[in-house]
>>> print(open('query.tsv').read())   # TSV, C-alpha atoms
chain	number	residue	atom	x	y	z
A	168	MET	CA	22.39	-65.04	-42.62
A	169	PRO	CA	24.32	-64.40	-39.39
A	170	ARG	CA	22.43	-62.40	-36.76
A	171	PHE	CA	25.11	-59.71	-36.60
A	172	LEU	CA	24.96	-59.17	-40.39
A	173	ARG	CA	21.16	-58.89	-40.29
A	174	LEU	CA	21.47	-56.32	-37.51
A	175	ILE	CA	23.94	-54.24	-39.56
A	176	ILE	CA	21.62	-54.35	-42.61
A	177	ASN	CA	18.63	-53.29	-40.50
A	178	ILE	CA	20.57	-50.36	-39.05
A	179	VAL	CA	21.67	-49.22	-42.53
A	180	VAL	CA	18.12	-49.46	-43.89
A	181	LEU	CA	16.66	-47.63	-40.88
A	182	GLY	CA	19.27	-44.88	-41.22
A	183	ALA	CA	18.46	-44.45	-44.91
A	184	VAL	CA	14.73	-44.22	-44.19
A	185	LEU	CA	15.29	-41.63	-41.46
A	186	LEU	CA	17.58	-39.60	-43.73
A	187	ILE	CA	15.00	-39.61	-46.53
A	188	SER	CA	12.25	-38.64	-44.06
A	189	GLN	CA	14.34	-35.78	-42.68
A	190	LYS	CA	15.05	-34.48	-46.19
A	191	ALA	CA	11.37	-34.64	-47.12
A	192	TRP	CA	10.47	-32.90	-43.85
A	193	ALA	CA	13.04	-30.16	-44.49
A	194	GLN	CA	11.62	-29.54	-47.94
A	195	ASP	CA	8.13	-29.04	-46.49
A	196	TRP	CA	8.68	-27.06	-43.29
A	197	ARG	CA	11.25	-24.30	-43.71
A	198	PRO	CA	13.03	-23.01	-40.60
A	199	VAL	CA	12.96	-19.21	-40.33
A	200	HIS	CA	14.83	-18.45	-37.12
A	201	GLY	CA	15.77	-20.30	-33.95
A	202	GLY	CA	14.87	-19.14	-30.45
A	203	ILE	CA	11.76	-18.19	-28.52
A	204	HIS	CA	12.00	-14.48	-29.39
A	205	PHE	CA	11.66	-15.11	-33.14
A	206	SER	CA	8.24	-16.75	-33.19
A	207	ILE	CA	5.79	-15.89	-35.97
A	208	SER	CA	2.49	-14.71	-34.49
A	209	GLY	CA	1.15	-12.95	-37.59
A	210	ILE	CA	1.99	-12.88	-41.30
A	211	ALA	CA	0.98	-10.89	-44.39
A	212	LEU	CA	2.11	-11.04	-48.00
A	213	ILE	CA	4.21	-8.13	-49.24
A	214	GLU	CA	4.99	-9.22	-52.78
A	215	GLN	CA	4.69	-12.31	-54.95
A	216	GLN	CA	7.02	-12.82	-57.90
A	217	SER	CA	7.60	-15.81	-60.17
A	218	ASN	CA	10.16	-17.41	-57.89
A	219	THR	CA	9.93	-15.35	-54.70
A	220	LEU	CA	7.51	-14.67	-51.86
A	221	ASP	CA	8.12	-11.76	-49.47
A	222	PHE	CA	6.21	-11.66	-46.17
A	223	LEU	CA	5.96	-9.25	-43.28
A	224	ILE	CA	5.79	-11.04	-39.93
A	225	VAL	CA	5.21	-9.94	-36.33
A	226	HIS	CA	6.71	-11.30	-33.12
A	227	ASP	CA	4.80	-11.48	-29.82
A	228	ASN	CA	7.70	-10.12	-27.76
A	229	LYS	CA	7.09	-7.97	-24.69
A	230	GLN	CA	10.50	-6.65	-23.59
A	231	LYS	CA	12.79	-3.94	-24.91
A	232	ASN	CA	15.60	-5.01	-27.24
A	233	GLN	CA	13.38	-7.76	-28.65
A	234	GLY	CA	12.17	-7.56	-32.25
A	235	ARG	CA	8.59	-6.76	-33.22
A	236	LEU	CA	8.61	-7.13	-37.03
A	237	ALA	CA	10.68	-8.67	-39.79
A	238	ILE	CA	10.63	-9.44	-43.51
A	239	VAL	CA	10.94	-13.09	-44.53
A	240	ARG	CA	11.82	-14.02	-48.12
A	241	ILE	CA	11.30	-17.42	-49.74
A	242	LYS	CA	13.22	-17.73	-52.99
A	243	GLY	CA	13.27	-20.93	-54.98
A	244	LYS	CA	14.13	-24.00	-52.95
A	245	SER	CA	16.50	-22.15	-50.64
A	246	GLN	CA	15.80	-21.62	-46.97
A	247	PRO	CA	13.96	-18.42	-45.97
A	248	LYS	CA	15.97	-15.27	-45.39
A	249	TYR	CA	15.15	-13.18	-42.32
A	250	PHE	CA	15.49	-9.38	-42.26
A	251	PRO	CA	14.72	-7.74	-38.88
A	252	LEU	CA	12.97	-4.37	-38.82
A	253	ASN	CA	13.35	-1.66	-36.19
A	254	TRP	CA	10.27	-0.20	-34.54
A	255	PRO	CA	10.25	3.62	-34.95
A	256	ASN	CA	11.92	5.44	-32.05
A	257	ASN	CA	9.16	8.05	-31.89
A	258	THR	CA	6.48	5.44	-31.12
A	259	GLU	CA	6.06	3.36	-27.97
A	260	LEU	CA	6.96	-0.29	-28.44
A	261	PRO	CA	3.91	-2.55	-28.80
A	262	ILE	CA	3.49	-5.41	-26.36
A	263	ASP	CA	2.50	-8.88	-27.54
A	264	LEU	CA	1.72	-8.41	-31.25
A	265	GLU	CA	-0.43	-11.40	-32.19
A	266	ALA	CA	-1.87	-10.70	-35.64
A	267	LEU	CA	-1.12	-8.95	-38.92
A	268	THR	CA	-3.11	-8.20	-42.08
A	269	SER	CA	-2.55	-6.22	-45.24
A	270	VAL	CA	-4.95	-3.38	-46.07
A	271	PRO	CA	-6.98	-4.26	-49.20
A	272	GLU	CA	-6.81	-1.94	-52.22
A	273	LYS	CA	-3.98	0.04	-50.73
A	274	THR	CA	-0.39	-0.17	-51.84
A	275	LYS	CA	1.36	-3.42	-50.90
A	276	SER	CA	3.07	-1.47	-48.13
A	277	SER	CA	0.08	-0.86	-45.81
A	278	PHE	CA	-0.65	-3.22	-42.91
A	279	ILE	CA	-2.43	-3.39	-39.58
A	280	ALA	CA	-0.82	-5.21	-36.66
A	281	LEU	CA	-2.84	-6.14	-33.57
A	282	SER	CA	-1.77	-6.75	-29.99
A	283	SER	CA	-3.48	-9.26	-27.70
A	284	SER	CA	-5.07	-6.39	-25.74
A	285	GLY	CA	-6.90	-5.07	-28.82
A	286	LYS	CA	-4.59	-2.18	-29.66
A	287	ALA	CA	-4.02	-1.85	-33.40
A	288	TYR	CA	-1.18	-0.24	-35.35
A	289	TYR	CA	-1.67	1.02	-38.90
A	290	ILE	CA	1.83	0.81	-40.39
A	291	ARG	CA	3.54	1.49	-43.69
A	292	LEU	CA	6.51	-0.52	-44.90
A	293	ASP	CA	9.39	0.71	-47.02
A	294	SER	CA	10.62	-2.68	-48.20
A	295	THR	CA	13.54	-1.18	-50.13
A	296	ASN	CA	15.05	0.53	-47.09
A	297	LYS	CA	13.55	-2.04	-44.69
A	298	THR	CA	11.95	0.56	-42.46
A	299	ILE	CA	8.44	1.05	-41.11
A	300	SER	CA	6.39	4.04	-39.98
A	301	VAL	CA	3.38	3.99	-37.69
A	302	LEU	CA	0.60	6.07	-39.24
A	303	LYS	CA	-2.02	5.57	-36.52
A	304	GLU	CA	-2.72	3.72	-33.29
A	305	PHE	CA	-6.30	2.80	-32.42
A	306	SER	CA	-8.28	0.24	-30.43
A	307	LEU	CA	-10.81	-2.33	-31.52
A	308	PRO	CA	-14.38	-1.67	-30.34
A	309	GLU	CA	-15.97	-2.98	-27.16
A	310	ILE	CA	-13.02	-4.97	-25.87
A	311	ILE	CA	-14.23	-7.42	-23.22
A	312	GLN	CA	-12.07	-7.76	-20.11
A	313	GLY	CA	-10.24	-11.07	-20.19
A	314	ASN	CA	-10.22	-11.37	-23.98
A	315	ASN	CA	-6.92	-12.47	-25.47
A	316	LEU	CA	-6.97	-11.49	-29.14
A	317	GLU	CA	-4.81	-13.57	-31.48
A	318	ALA	CA	-6.37	-13.00	-34.90
A	319	PHE	CA	-7.27	-10.09	-37.19
A	320	GLY	CA	-8.18	-9.89	-40.87
A	321	LEU	CA	-9.47	-7.36	-43.41
A	322	GLN	CA	-11.27	-7.90	-46.69
A	323	ASN	CA	-13.35	-5.95	-49.19
A	324	ILE	CA	-16.70	-7.74	-49.44
A	325	ASP	CA	-19.36	-6.37	-51.77
A	326	GLY	CA	-17.86	-2.89	-51.60
A	327	LYS	CA	-17.48	-2.79	-47.81
A	328	LEU	CA	-14.22	-3.03	-45.89
A	329	VAL	CA	-14.96	-5.75	-43.35
A	330	ALA	CA	-12.82	-6.43	-40.29
A	331	ILE	CA	-12.85	-9.74	-38.45
A	332	TRP	CA	-10.94	-10.63	-35.31
A	333	GLY	CA	-10.84	-13.36	-32.70
A	334	HIS	CA	-10.43	-14.02	-28.99
A	335	ARG	CA	-8.52	-17.27	-28.84
A	336	GLY	CA	-10.45	-19.12	-26.15
A	337	GLU	CA	-8.73	-21.91	-24.27
A	338	ARG	CA	-9.56	-25.49	-23.33
A	339	GLU	CA	-13.33	-25.60	-22.62
A	340	GLN	CA	-13.73	-21.84	-23.06
A	341	PRO	CA	-14.78	-21.22	-26.69
A	342	ALA	CA	-13.14	-18.74	-28.99
A	343	THR	CA	-15.13	-15.69	-30.06
A	344	ILE	CA	-15.16	-14.24	-33.57
A	345	PHE	CA	-16.07	-10.55	-33.90
A	346	TRP	CA	-16.80	-8.65	-37.12
A	347	GLY	CA	-17.65	-5.13	-38.22
A	348	ILE	CA	-17.34	-2.41	-40.86
A	349	PHE	CA	-14.02	-0.58	-40.93
A	350	ASP	CA	-13.99	3.13	-41.75
A	351	LEU	CA	-10.34	3.45	-42.68
A	352	ALA	CA	-10.50	7.26	-43.00
A	353	LYS	CA	-11.54	7.50	-39.34
A	354	TYR	CA	-9.63	4.42	-38.16
A	355	GLN	CA	-12.90	3.25	-36.64
A	356	ILE	CA	-14.56	-0.18	-36.63
A	357	THR	CA	-18.29	-0.48	-35.99
A	358	LEU	CA	-18.95	-3.82	-34.31
A	359	ALA	CA	-21.68	-5.74	-36.15
A	360	GLY	CA	-21.76	-9.09	-34.36
A	361	SER	CA	-19.95	-11.96	-32.69
A	362	ALA	CA	-20.15	-15.74	-32.39
A	363	ASN	CA	-18.52	-18.45	-30.30
A	364	LEU	CA	-16.83	-21.56	-31.67
A	365	LYS	CA	-14.83	-24.59	-30.56
A	366	VAL	CA	-12.74	-26.83	-32.79
A	367	PRO	CA	-12.52	-30.63	-32.52
A	368	PHE	CA	-8.73	-30.74	-32.94
A	369	PRO	CA	-6.35	-30.08	-31.23
A	370	SER	CA	-7.62	-31.09	-27.80
A	371	GLY	CA	-6.21	-30.42	-24.34
A	372	ASN	CA	-4.56	-27.03	-23.97
A	373	VAL	CA	-6.12	-25.79	-27.21
A	374	ARG	CA	-6.47	-22.21	-28.40
A	375	HIS	CA	-9.48	-22.53	-30.68
A	376	ILE	CA	-8.39	-19.55	-32.81
A	377	SER	CA	-4.74	-18.65	-33.32
A	378	ASP	CA	-5.19	-16.69	-36.57
A	379	ILE	CA	-7.87	-15.73	-39.07
A	380	LYS	CA	-8.05	-14.65	-42.70
A	381	VAL	CA	-10.89	-13.93	-45.16
A	382	ASP	CA	-10.78	-14.48	-48.91
A	383	PRO	CA	-12.40	-12.07	-51.44
A	384	VAL	CA	-15.72	-13.98	-51.54
A	385	GLY	CA	-16.05	-14.01	-47.75
A	386	ILE	CA	-14.82	-17.50	-46.82
A	387	VAL	CA	-13.26	-17.33	-43.34
A	388	TYR	CA	-10.23	-19.51	-42.55
A	389	ILE	CA	-8.90	-20.05	-39.03
A	390	THR	CA	-5.96	-21.84	-37.44
A	391	SER	CA	-6.06	-23.55	-34.07
A	392	ALA	CA	-3.13	-24.62	-31.89
A	393	SER	CA	-2.08	-26.19	-28.63
A	394	ASP	CA	1.14	-26.79	-26.72
A	395	ALA	CA	2.21	-28.40	-23.48
A	396	GLY	CA	5.01	-25.92	-22.76
A	397	ASP	CA	7.95	-24.10	-24.30
A	398	ASP	CA	9.40	-27.36	-25.61
A	399	GLY	CA	6.11	-28.79	-26.88
A	400	PRO	CA	4.69	-31.12	-27.96
A	401	PHE	CA	2.62	-28.97	-30.34
A	402	GLN	CA	-0.50	-29.58	-32.42
A	403	SER	CA	-2.29	-27.39	-34.97
A	404	ALA	CA	-5.03	-27.40	-37.58
A	405	VAL	CA	-6.49	-25.23	-40.36
A	406	TYR	CA	-10.27	-24.91	-40.80
A	407	VAL	CA	-12.92	-23.10	-42.82
A	408	ALA	CA	-14.88	-21.48	-40.00
A	409	GLY	CA	-17.70	-19.95	-42.03
A	410	TYR	CA	-18.76	-17.21	-44.38
A	411	LEU	CA	-19.12	-13.42	-44.19
A	412	GLY	CA	-21.40	-11.61	-46.62
A	413	LEU	CA	-23.64	-8.58	-46.99
A	414	ARG	CA	-27.43	-8.72	-46.98
A	415	GLU	CA	-29.49	-5.53	-47.05
A	416	ASN	CA	-26.29	-3.62	-46.27
A	417	LYS	CA	-25.69	-5.67	-43.12
A	418	ILE	CA	-22.94	-8.19	-42.49
A	419	VAL	CA	-24.19	-11.75	-42.27
A	420	TRP	CA	-22.17	-14.50	-40.59
A	421	ARG	CA	-22.83	-18.15	-41.41
A	422	GLN	CA	-20.81	-20.45	-39.21
A	423	ASN	CA	-19.71	-23.85	-40.41
A	424	SER	CA	-21.84	-26.53	-38.79
A	425	GLN	CA	-19.06	-29.12	-39.13
A	426	PHE	CA	-15.43	-28.21	-38.58
A	427	VAL	CA	-13.35	-30.27	-41.01
A	428	PRO	CA	-9.54	-30.09	-40.56
A	429	LEU	CA	-8.12	-29.03	-43.93
A	430	TYR	CA	-4.64	-29.62	-42.53
A	431	ARG	CA	-3.23	-30.78	-39.21
A	432	SER	CA	0.22	-30.94	-37.64
A	433	ASN	CA	1.40	-32.90	-34.64
A	434	TYR	CA	4.75	-31.13	-34.52
A	435	HIS	CA	4.23	-27.36	-34.88
A	436	LYS	CA	2.21	-24.61	-33.21
A	437	ILE	CA	0.65	-22.56	-36.01
A	438	GLU	CA	-0.10	-18.99	-34.97
A	439	ALA	CA	-0.01	-17.20	-38.32
A	440	MET	CA	-1.67	-17.70	-41.69
A	441	GLU	CA	-1.81	-15.94	-45.08
A	442	LEU	CA	-3.76	-16.72	-48.26
A	443	VAL	CA	-1.50	-16.44	-51.31
A	444	PRO	CA	-3.29	-16.60	-54.70
A	445	GLY	CA	-2.08	-18.14	-57.95
A	446	ALA	CA	-0.60	-21.40	-59.20
A	447	LYS	CA	2.34	-21.21	-56.80
A	448	GLY	CA	0.32	-19.84	-53.91
A	449	GLY	CA	-1.60	-21.57	-51.17
A	450	VAL	CA	-2.41	-21.34	-47.49
A	451	VAL	CA	0.89	-20.27	-45.91
A	452	VAL	CA	1.27	-20.90	-42.19
A	453	GLY	CA	3.88	-19.71	-39.72
A	454	THR	CA	4.71	-21.12	-36.31
A	455	ASP	CA	5.47	-20.04	-32.79
A	456	ASP	CA	7.33	-23.13	-31.65
A	457	GLU	CA	8.63	-21.36	-28.53
A	458	ASN	CA	12.16	-22.61	-27.73
A	459	LEU	CA	12.27	-24.41	-31.08
A	460	GLY	CA	11.93	-21.16	-33.06
A	461	SER	CA	9.76	-20.50	-36.11
A	462	TYR	CA	8.94	-22.23	-39.38
A	463	LEU	CA	6.99	-21.56	-42.58
A	464	TYR	CA	4.98	-24.07	-44.58
A	465	ILE	CA	2.74	-23.93	-47.66
A	466	VAL	CA	-0.11	-26.33	-46.92
A	467	GLY	CA	-0.04	-29.19	-49.40
A	468	GLY	CA	3.61	-28.67	-50.27
A	469	SER	CA	5.67	-25.80	-51.63
A	470	SER	CA	6.02	-24.92	-55.32
A	471	TYR	CA	8.95	-22.66	-54.49
>>> encode(input="query.tsv", output="structure tokens")
Amino acid sequence: MPRFLRLIINIVVLGAVLLISQKAWAQDWRPVHGGIHFSISGIALIEQQSNTLDFLIVHDNKQKNQGRLAIVRIKGKSQPKYFPLNWPNNTELPIDLEALTSVPEKTKSSFIALSSSGKAYYIRLDSTNKTISVLKEFSLPEIIQGNNLEAFGLQNIDGKLVAIWGHRGEREQPATIFWGIFDLAKYQITLAGSANLKVPFPSGNVRHISDIKVDPVGIVYITSASDAGDDGPFQSAVYVAGYLGLRENKIVWRQNSQFVPLYRSNYHKIEAMELVPGAKGGVVVGTDDENLGSYLYIVGGSSY
């Protein structure tokens, strides 16, 4: 076979392989919005229907005229739809929202968003009119100077509303997980303990905790992420960090002795995570890919 003909065949085959790979990639990771101001730094489920997932997301923006929250809808195999939300005019704009959680046993419209400084916002969503109201602002307890909080979760465990949050750590500095009992009527968290942790992957400019969630039996999931700048490259992983439970009316933390990556990515910076139950659910992660925008992915592949 002439050399030129072999070259043409190789190019055609390579192009086909790349096209197939790109299509498979597109089916897995779904682009939400381009641009650095549309990163996903926190995510919480609003509603789950047979063919649709609706999420509330937060952006870590710091300037005026930059969005703070949005609704993202995944329907079928189509790409996500993005609906920006306006922050109420009668409330000061938050700076650097880094985490979001739903409030257990409330309506599906109640959430708490957290800034990196430890200031929390108890908000209510009107998903029909796509508006939010801020019911209360409060601060997490005993904030340590220099902490950069990137994670916050709530869960009912053995009849107690337990809050868990995390200072991200960086490089050789470990992350710190904090936990306590949340008195929602008083908007007050009583700190019960803390623990340090470091993950094995990513390495380099790693943030050991970029988000955190707790399931109903107390299993604690975390994401970790690293980047080399606004254009990447990025790396991320999902871990089971440990277990929260109650013993003699006190919260007990059992940290995982071996951190096993449940999922890893060499292309995206995961900063948001939600646990979606059911046959079509899964661990849903969102990214802050800086200049490359934001993406959503259901770990293990999407059923939608």
>>> closest_residue(input="query.tsv", among="A:Arg235, A:Lys275, A:Arg240, A:Lys327", to="Val384 (chain A)", atoms="only C-alpha atoms")
A:Lys327
>>> closest_residue(input="query.tsv", among="A:Asp227, A:Asp221, A:Glu337, A:Asp263", to="Ser276 (chain A)", atoms="all atoms listed in the file")
A:Asp221
>>> residues_around(input="query.tsv", residues="region 197-202 of chain A", least_positions_apart="5", cutoff="6 Å", atoms="only C-alpha atoms", output="list in words")
Pro247, Asn458, Leu459, Gly460, Ser461, Tyr462 and Leu463 of chain A
>>> atom_distance(input="query.tsv", atom1="CA of Tyr354 (chain A)", atom2="CA of Phe305 (chain A)")
6.8 Å
>>> residues_around(input="query.tsv", residues="region 449-456 of chain A", least_positions_apart="4", cutoff="8 Å", atoms="all atoms listed in the file", output="PyMOL selection string")
chain A and resi 203+205-210+397-399+401+435-445+460-467
>>> write_last_selection(input="query.tsv", atoms="C-alpha atoms", output="compact mmCIF listing (two decimals), keeping the file's coordinate frame")
# COMPACT_ATOMS: atom_id res chain seq x y z
CA ILE A 203 11.76 -18.19 -28.52
CA PHE A 205 11.66 -15.11 -33.14
CA SER A 206 8.24 -16.75 -33.19
CA ILE A 207 5.79 -15.89 -35.97
CA SER A 208 2.49 -14.71 -34.49
CA GLY A 209 1.15 -12.95 -37.59
CA ILE A 210 1.99 -12.88 -41.30
CA ASP A 397 7.95 -24.10 -24.30
CA ASP A 398 9.40 -27.36 -25.61
CA GLY A 399 6.11 -28.79 -26.88
CA PHE A 401 2.62 -28.97 -30.34
CA HIS A 435 4.23 -27.36 -34.88
CA LYS A 436 2.21 -24.61 -33.21
CA ILE A 437 0.65 -22.56 -36.01
CA GLU A 438 -0.10 -18.99 -34.97
CA ALA A 439 -0.01 -17.20 -38.32
CA MET A 440 -1.67 -17.70 -41.69
CA GLU A 441 -1.81 -15.94 -45.08
CA LEU A 442 -3.76 -16.72 -48.26
CA VAL A 443 -1.50 -16.44 -51.31
CA PRO A 444 -3.29 -16.60 -54.70
CA GLY A 445 -2.08 -18.14 -57.95
CA GLY A 460 11.93 -21.16 -33.06
CA SER A 461 9.76 -20.50 -36.11
CA TYR A 462 8.94 -22.23 -39.38
CA LEU A 463 6.99 -21.56 -42.58
CA TYR A 464 4.98 -24.07 -44.58
CA ILE A 465 2.74 -23.93 -47.66
CA VAL A 466 -0.11 -26.33 -46.92
CA GLY A 467 -0.04 -29.19 -49.40
>>> residues_near_point(input="query.tsv", point="(-14.8, -17.2, -49.6)", cutoff="12 Å", atoms="all atoms listed in the file", output="mmCIF file with C-alpha atoms, keeping the file's coordinate frame")
data_model
loop_
_atom_site.group_PDB
_atom_site.id
_atom_site.type_symbol
_atom_site.label_atom_id
_atom_site.label_comp_id
_atom_site.auth_asym_id
_atom_site.auth_seq_id
_atom_site.Cartn_x
_atom_site.Cartn_y
_atom_site.Cartn_z
ATOM 1 C CA GLN A 322 -11.270 -7.900 -46.690
ATOM 2 C CA ASN A 323 -13.350 -5.950 -49.190
ATOM 3 C CA ILE A 324 -16.700 -7.740 -49.440
ATOM 4 C CA ASP A 325 -19.360 -6.370 -51.770
ATOM 5 C CA LYS A 380 -8.050 -14.650 -42.700
ATOM 6 C CA VAL A 381 -10.890 -13.930 -45.160
ATOM 7 C CA ASP A 382 -10.780 -14.480 -48.910
ATOM 8 C CA PRO A 383 -12.400 -12.070 -51.440
ATOM 9 C CA VAL A 384 -15.720 -13.980 -51.540
ATOM 10 C CA GLY A 385 -16.050 -14.010 -47.750
ATOM 11 C CA ILE A 386 -14.820 -17.500 -46.820
ATOM 12 C CA VAL A 387 -13.260 -17.330 -43.340
ATOM 13 C CA TYR A 388 -10.230 -19.510 -42.550
ATOM 14 C CA VAL A 407 -12.920 -23.100 -42.820
ATOM 15 C CA ALA A 408 -14.880 -21.480 -40.000
ATOM 16 C CA GLY A 409 -17.700 -19.950 -42.030
ATOM 17 C CA TYR A 410 -18.760 -17.210 -44.380
ATOM 18 C CA LEU A 411 -19.120 -13.420 -44.190
ATOM 19 C CA GLY A 412 -21.400 -11.610 -46.620
ATOM 20 C CA TRP A 420 -22.170 -14.500 -40.590
ATOM 21 C CA ARG A 421 -22.830 -18.150 -41.410
ATOM 22 C CA LEU A 442 -3.760 -16.720 -48.260
#
>>> closest_residue(input="query.tsv", among="A:Leu351, A:Ala330, A:Ile224, A:Val239", to="Ile418 (chain A)", atoms="all atoms listed in the file")
A:Ala330
>>> closest_residue(input="query.tsv", among="A:Leu321, A:Ala395, A:Leu307, A:Ala404", to="Ile356 (chain A)", atoms="all atoms listed in the file")
A:Leu307
>>> closest_residue(input="query.tsv", among="A:Thr390, A:Gln233, A:Asn416, A:Asn253", to="Lys365 (chain A)", atoms="all atoms listed in the file")
A:Thr390
>>> residues_around(input="query.tsv", residues="Pro428 (chain A)", least_positions_apart="6", cutoff="8 Å", atoms="only C-alpha atoms", output="list in words")
Phe368, Ala404, Val405 and Tyr406 of chain A
>>> residues_around(input="query.tsv", residues="Gly371 (chain A)", least_positions_apart="5", cutoff="12 Å", atoms="only C-alpha atoms", output="ChimeraX atom specification")
/A:337-340,366,391-395,400-403
>>> atom_distance(input="query.tsv", atom1="CA of Asp195 (chain A)", atom2="CA of Leu220 (chain A)")
15.4 Å
>>> closest_residue(input="query.tsv", among="A:Asn218, A:Thr258, A:Ser370, A:Ser245", to="Ala446 (chain A)", atoms="only C-alpha atoms")
A:Asn218
>>> decode(input="query.tsv", residues="region 326-337 of chain A", atoms="N, CA and C atoms", output="PDB file, in the first residue's frame")
ATOM      1  N   GLY A 326     -32.318  12.037  64.912  1.00  0.00           N
ATOM      2  CA  GLY A 326     -33.189  13.044  65.507  1.00  0.00           C
ATOM      3  C   GLY A 326     -32.529  14.376  65.781  1.00  0.00           C
ATOM      4  N   LYS A 327     -31.256  14.523  65.441  1.00  0.00           N
ATOM      5  CA  LYS A 327     -30.554  15.787  65.640  1.00  0.00           C
ATOM      6  C   LYS A 327     -30.183  16.381  64.284  1.00  0.00           C
ATOM      7  N   LEU A 328     -30.337  17.706  64.173  1.00  0.00           N
ATOM      8  CA  LEU A 328     -29.912  18.388  62.958  1.00  0.00           C
ATOM      9  C   LEU A 328     -28.423  18.709  63.096  1.00  0.00           C
ATOM     10  N   VAL A 329     -27.613  18.011  62.328  1.00  0.00           N
ATOM     11  CA  VAL A 329     -26.163  18.119  62.438  1.00  0.00           C
ATOM     12  C   VAL A 329     -25.629  18.946  61.271  1.00  0.00           C
ATOM     13  N   ALA A 330     -24.774  19.905  61.600  1.00  0.00           N
ATOM     14  CA  ALA A 330     -24.091  20.709  60.591  1.00  0.00           C
ATOM     15  C   ALA A 330     -22.640  20.264  60.506  1.00  0.00           C
ATOM     16  N   ILE A 331     -22.105  20.280  59.296  1.00  0.00           N
ATOM     17  CA  ILE A 331     -20.699  19.944  59.084  1.00  0.00           C
ATOM     18  C   ILE A 331     -20.146  20.896  58.035  1.00  0.00           C
ATOM     19  N   TRP A 332     -18.948  21.409  58.269  1.00  0.00           N
ATOM     20  CA  TRP A 332     -18.369  22.355  57.337  1.00  0.00           C
ATOM     21  C   TRP A 332     -16.856  22.171  57.305  1.00  0.00           C
ATOM     22  N   GLY A 333     -16.216  22.777  56.292  1.00  0.00           N
ATOM     23  CA  GLY A 333     -14.801  22.504  56.109  1.00  0.00           C
ATOM     24  C   GLY A 333     -13.987  23.688  55.640  1.00  0.00           C
ATOM     25  N   HIS A 334     -12.836  23.878  56.305  1.00  0.00           N
ATOM     26  CA  HIS A 334     -11.771  24.756  55.808  1.00  0.00           C
ATOM     27  C   HIS A 334     -10.974  23.958  54.789  1.00  0.00           C
ATOM     28  N   ARG A 335     -10.707  24.539  53.648  1.00  0.00           N
ATOM     29  CA  ARG A 335     -10.217  23.773  52.508  1.00  0.00           C
ATOM     30  C   ARG A 335      -8.796  23.234  52.686  1.00  0.00           C
ATOM     31  N   GLY A 336      -7.960  23.957  53.441  1.00  0.00           N
ATOM     32  CA  GLY A 336      -6.548  23.591  53.468  1.00  0.00           C
ATOM     33  C   GLY A 336      -5.915  23.849  52.116  1.00  0.00           C
ATOM     34  N   GLU A 337      -4.608  23.740  52.042  1.00  0.00           N
ATOM     35  CA  GLU A 337      -3.939  23.948  50.758  1.00  0.00           C
ATOM     36  C   GLU A 337      -2.520  23.405  50.824  1.00  0.00           C
TER      37      GLU A 337
END
